[in-house]
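Q: The structure under discussion is supplied below as structure tokens; questions concerning it will follow.
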Amino acid sequence: MAYVLIIEDENVIRQSLRRLLEKRQHVVAEADSVESAVREQDLTGFDLIIADLRLPGADGTAILERAPDVPTIIMTSYASVRSAVEAMKLGALDYIAKPFDNDELLLTVERALKEKRLERQNAALKADLDRDYPVSGIVGTCKAMRDVFDRITRVAPTTTTVLVLGESGTGKELVARALHEKSERSDGPMITVNCAAIPDSLIEAELFGHEKGAFTGAVGARQGLVESADGGTLFLDEIGELPLAAQARLLRVLQEGEIRRVGSSRPRHVDVRLVAATHRDLSRLVSAGDFREDLYFRINVMEIRLPPLRERGEDLPDLARHLLERARKRLKSPPMRFSNETMEGIRRYGWPGNVRELENAIERAVILSDSTVITPDILGLRPDDAPQPDTASPGLSLEDYFRQFVLANQDHCTETELARRLGISRKALWEKRQRLGIPRRPRMEESQEG
Ligand SMILES: Nc1ncnc2c1ncn2[C@@H]1O[C@H](COP(=O)(O)OP(=O)(O)OP(=O)(O)O)[C@@H](O)[C@H]1O
């Protein structure tokens with residue numbers, strides 16, 4: 001299977017070529033001129049271009065300059081040796097004379113694709129050698145992500161406690177998983193606990209277990225999640241939300257390597273490696289008395305800081321393609337690609353909900369799209385959709401950003417849509433609105449939305 005772009009102004013020829021190639025399982029896109037191909041398609045994503053020589057506007061050979069890395073076959077009904085030689089001099093891989101014989105055409109196509117595949121294999125081998133991409137499943141080549149990979153590789157094999165910092169949706173859990181998988185404990189369990197999701201009244205018993213009758217409702221004794229992580233990794237997400245009493249117990253685990261179940265005085269030995277994550281500024285929580293200073297120093301041995309997506313401009317195309325492939329495979333959809341305009345929109349948008357927001361937008365687009373090309377409207381991107389970090393002041397805080405986004409979009413979006421585009425839940429949107437003093441405006445059409 002390959003992605004092939006046909007540039008041909010005669011509809012009949014375009015359609016017959018399309019049918020021929022689709023029978024061979026190739027995915028075909030069409031354009032009727034070089035100009036429209038350049039305008040509408042992300043040319044770099046094709047494995048092969050077949051372009052007619054004589055087209056309205058620029059000649060087919062003009063595409064060679066626009067997509068120098070994509071093998072191109074030029075079709076010509078003026079099959080003179082001269083035009084063929086000229087096309088190849090300009091960089092065409094091969095040429096086909098019209099009217100073409102189907103078998104001959106397919107042979108030329110397969111030959112071109114084979115060359116391309118070999119070239120790709122060589123490039124991939126070279127890239128594997130050159131590229132510092134040591135953590136599978138985590139896409140990124142920007143400077144900040146290279147630092148992240150470097151730290152993961154260095155600290156993973158140790159037992160050092162790691163604090164992963166970053167806004168919501170930046171990949172903190174992915175990093176925790178990578179730390180576990182690259183450690184000597186990878187055969188042991190990895191237990192993930194979202195401290196914000198467990199009510200304060202239950203969290204101690206959940207984490208540290210309890211003895212029979214330790215509190216009302218504690219019918220039998222139960223092992224806690226920390227004990228379940230024995231011999232493996234404990235990932236405490238949103239550690240800033242941990243109540244003070246639970247913080248004290250956790251400190252004991254880190255200092256003494258032992259836990260006490262709620263209602264028991266008998267310590268139990270545990271061997272866990274802690275990875276903690278938060279989107280909050282823990283030093284501020286310490287100053288406010290909401291986080292124990294001794295625990296903060298204990299967990300802040302090695303910090304891994306994930307950049308927000310709006311600061312990872314150069315990573316966006318690769319990341320978007322990776323997430324598209326993942327969503328497509330999961331949803332068992334046919335091969336798909338972004339149009340040029342969509343890719344430009346992805347680059348320009350601010351992604352306040354980070355990678356999770358991008359992932360959600362792409363998954364939705366895969367479900368909704370009837371075509372193999374994802375357009376900006378399907379992705380839910382409108383021009384000027386969000387305040388652009390390029391034009392915003394460099395020191396814009398996430399909260400200012402959130403405020404600007406909500407104010408700019410609340411009149412034409414429902415709350416559900418706003419939350420989706422921010423990559424957060426409706427409840428989180430509501431809470432943020434309360435905290436930042438931007439209450440929701442009454443809207444008639446949302447009354448049934450809840
Ligand atoms: N660099 C990346 N490459 C590929 N996928 C990524 C990357 N970063 C994040 N993702 C994907 O984005 C989604 C969100 O990531 P993750 O859950 O790790 O974020 P998080 O920072 O832990 O979010 P939260 O703080 O809201 O829990 C996941 O599906 C993850 O696989």
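Here, A, B, ... name the chains of the structure tokens in the order displayed, residue numbers run from 1 inside each chain, and ligands are numbered from 1 in the same displayed order.
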Please give me, as a ChimeraX atom specification, the residues lying within 9 Å of ligand 1 when counting only C-alpha atoms and all ligand atoms.
A: /A:136-140,145,164-177,194,237-238,277-279,306,309,315,319-320,322-323,353-360,423-424
Q: Okay, now the selection with N, CA and C atoms, as a short mmCIF file (atom, residue, chain, number, x, y, z; two decimals), in the first residue's frame?
A:
```cif
data_model
loop_
_atom_site.label_atom_id
_atom_site.label_comp_id
_atom_site.auth_asym_id
_atom_site.auth_seq_id
_atom_site.Cartn_x
_atom_site.Cartn_y
_atom_site.Cartn_z
N SER A 136 10.52 4.48 23.26
CA SER A 136 9.52 4.17 22.24
C SER A 136 8.16 4.70 22.67
N GLY A 137 7.41 5.20 21.71
CA GLY A 137 6.06 5.70 22.01
C GLY A 137 6.04 7.17 22.41
N ILE A 138 7.20 7.75 22.68
CA ILE A 138 7.22 9.18 23.01
C ILE A 138 7.86 9.93 21.85
N VAL A 139 7.03 10.73 21.18
CA VAL A 139 7.49 11.43 19.99
C VAL A 139 8.03 12.80 20.37
N GLY A 140 9.14 13.18 19.78
CA GLY A 140 9.66 14.52 20.04
C GLY A 140 11.13 14.63 19.69
N MET A 145 12.43 18.18 24.61
CA MET A 145 12.13 16.75 24.64
C MET A 145 13.41 15.92 24.62
N VAL A 164 7.91 14.23 38.02
CA VAL A 164 7.63 14.63 36.64
C VAL A 164 6.70 15.84 36.68
N LEU A 165 7.15 16.92 36.05
CA LEU A 165 6.37 18.16 36.09
C LEU A 165 5.87 18.52 34.71
N GLY A 166 4.71 19.14 34.65
CA GLY A 166 4.19 19.56 33.34
C GLY A 166 2.71 19.80 33.43
N GLU A 167 2.22 20.61 32.50
CA GLU A 167 0.79 20.89 32.47
C GLU A 167 0.01 19.61 32.18
N SER A 168 -1.28 19.68 32.37
CA SER A 168 -2.13 18.53 32.11
C SER A 168 -2.04 18.13 30.63
N GLY A 169 -1.92 16.82 30.39
CA GLY A 169 -1.92 16.33 29.01
C GLY A 169 -0.59 16.42 28.29
N THR A 170 0.50 16.69 29.01
CA THR A 170 1.80 16.82 28.34
C THR A 170 2.56 15.50 28.24
N GLY A 171 2.04 14.44 28.87
CA GLY A 171 2.70 13.14 28.73
C GLY A 171 3.38 12.67 30.01
N LYS A 172 2.93 13.15 31.16
CA LYS A 172 3.61 12.79 32.42
C LYS A 172 3.47 11.29 32.70
N GLU A 173 2.27 10.77 32.45
CA GLU A 173 2.08 9.34 32.73
C GLU A 173 2.91 8.49 31.76
N LEU A 174 3.01 8.97 30.54
CA LEU A 174 3.82 8.26 29.54
C LEU A 174 5.27 8.16 30.00
N VAL A 175 5.77 9.25 30.58
CA VAL A 175 7.15 9.27 31.08
C VAL A 175 7.30 8.30 32.26
N ALA A 176 6.30 8.30 33.16
CA ALA A 176 6.36 7.39 34.32
C ALA A 176 6.44 5.94 33.82
N ARG A 177 5.63 5.63 32.81
CA ARG A 177 5.62 4.27 32.27
C ARG A 177 6.98 3.92 31.66
N ASN A 194 -4.11 8.10 40.84
CA ASN A 194 -4.37 9.53 40.66
C ASN A 194 -4.88 10.08 41.98
N ASP A 237 0.19 10.17 40.62
CA ASP A 237 -0.13 11.31 39.76
C ASP A 237 -0.84 12.35 40.63
N GLU A 238 -0.64 13.61 40.32
CA GLU A 238 -1.21 14.73 41.08
C GLU A 238 -0.89 14.62 42.55
N ALA A 277 4.04 12.84 40.02
CA ALA A 277 3.83 13.87 38.99
C ALA A 277 2.86 14.92 39.51
N THR A 278 3.01 16.11 39.00
CA THR A 278 2.05 17.17 39.34
C THR A 278 2.07 18.26 38.28
N HIS A 279 0.94 18.94 38.13
CA HIS A 279 0.93 20.11 37.25
C HIS A 279 1.03 21.37 38.10
N LEU A 306 8.20 18.41 31.51
CA LEU A 306 7.67 18.27 30.15
C LEU A 306 7.21 19.62 29.61
N LEU A 309 2.73 21.82 24.82
CA LEU A 309 2.76 21.57 23.37
C LEU A 309 2.98 22.85 22.58
N ASP A 315 7.87 19.82 16.74
CA ASP A 315 7.44 18.43 16.94
C ASP A 315 6.02 18.17 16.42
N LEU A 319 4.22 14.53 15.60
CA LEU A 319 3.33 14.09 16.66
C LEU A 319 1.91 13.89 16.11
N ALA A 320 1.45 14.84 15.28
CA ALA A 320 0.10 14.73 14.72
C ALA A 320 0.00 13.47 13.86
N HIS A 322 1.82 10.75 14.09
CA HIS A 322 1.90 9.58 14.98
C HIS A 322 0.54 9.31 15.63
N LEU A 323 -0.11 10.38 16.12
CA LEU A 323 -1.40 10.21 16.80
C LEU A 323 -2.47 9.79 15.80
N GLY A 353 -4.83 22.32 25.87
CA GLY A 353 -4.98 21.00 26.53
C GLY A 353 -3.85 20.06 26.16
N ASN A 354 -2.81 20.59 25.49
CA ASN A 354 -1.59 19.84 25.16
C ASN A 354 -1.84 18.59 24.32
N VAL A 355 -0.97 17.56 24.47
CA VAL A 355 -1.04 16.41 23.55
C VAL A 355 -2.41 15.72 23.66
N ARG A 356 -2.99 15.73 24.88
CA ARG A 356 -4.27 15.06 25.01
C ARG A 356 -5.33 15.74 24.14
N GLU A 357 -5.31 17.07 24.08
CA GLU A 357 -6.28 17.79 23.26
C GLU A 357 -6.07 17.45 21.78
N LEU A 358 -4.81 17.41 21.36
CA LEU A 358 -4.51 17.07 19.96
C LEU A 358 -4.98 15.64 19.67
N GLU A 359 -4.70 14.74 20.60
CA GLU A 359 -5.09 13.34 20.42
C GLU A 359 -6.61 13.22 20.31
N ASN A 360 -7.34 13.93 21.18
CA ASN A 360 -8.81 13.86 21.13
C ASN A 360 -9.34 14.42 19.82
N GLY A 423 -9.26 20.43 25.99
CA GLY A 423 -8.70 19.15 26.39
C GLY A 423 -8.92 18.85 27.87
N ILE A 424 -9.98 19.44 28.44
CA ILE A 424 -10.26 19.17 29.85
C ILE A 424 -11.72 18.74 29.99
#
```
Q: Quick one: DSSP strand (DSSP E or B) residues in range 8-209 of chain A, as a list in words?
A: Val27, Val28, Ala29, Glu30, Ala31, Leu48, Ile49, Ile50, Ala51, Asp52, Thr72, Ile73, Ile74, Met75, Thr76, Asp94, Tyr95, Ile96, Ala97, Val162, Leu163, Val164, Leu165, Met190, Ile191, Thr192, Val193 and Asn194 of chain A
Q: For C-alpha atoms, I'd like the residues from the last selection saved as a tab-separated table (two decimals), in the first residue's frame.
A:
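Contents of part-v1.tsv, freshly written:
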```tsv
chain	number	residue	atom	x	y	z
A	27	VAL	CA	-4.48	5.15	-1.52
A	28	VAL	CA	-5.04	7.75	-4.19
A	29	ALA	CA	-5.47	11.52	-4.06
A	30	GLU	CA	-6.22	13.67	-7.09
A	31	ALA	CA	-5.54	17.17	-8.36
A	48	LEU	CA	4.67	8.69	-5.44
A	49	ILE	CA	3.32	11.42	-7.70
A	50	ILE	CA	2.11	10.75	-11.22
A	51	ALA	CA	1.77	14.03	-13.10
A	52	ASP	CA	0.72	14.79	-16.64
A	72	THR	CA	7.56	11.47	-9.59
A	73	ILE	CA	6.51	9.85	-12.85
A	74	ILE	CA	5.66	12.20	-15.68
A	75	MET	CA	2.95	11.21	-18.19
A	76	THR	CA	3.08	12.63	-21.62
A	94	ASP	CA	10.51	7.85	-14.90
A	95	TYR	CA	7.99	8.68	-17.59
A	96	ILE	CA	4.96	7.01	-19.15
A	97	ALA	CA	3.70	7.60	-22.65
A	162	VAL	CA	11.55	11.05	40.10
A	163	LEU	CA	9.29	14.08	40.02
A	164	VAL	CA	7.63	14.63	36.64
A	165	LEU	CA	6.37	18.16	36.09
A	190	MET	CA	3.54	-0.61	38.01
A	191	ILE	CA	0.74	0.83	40.11
A	192	THR	CA	-0.75	4.15	39.06
A	193	VAL	CA	-2.73	6.23	41.52
A	194	ASN	CA	-4.37	9.53	40.66
```
Q: Between CA of Ile203 in chain A and CA of Arg426 in chain A, what is the distance in Å, rounded to a tenth?
A: 24.1 Å
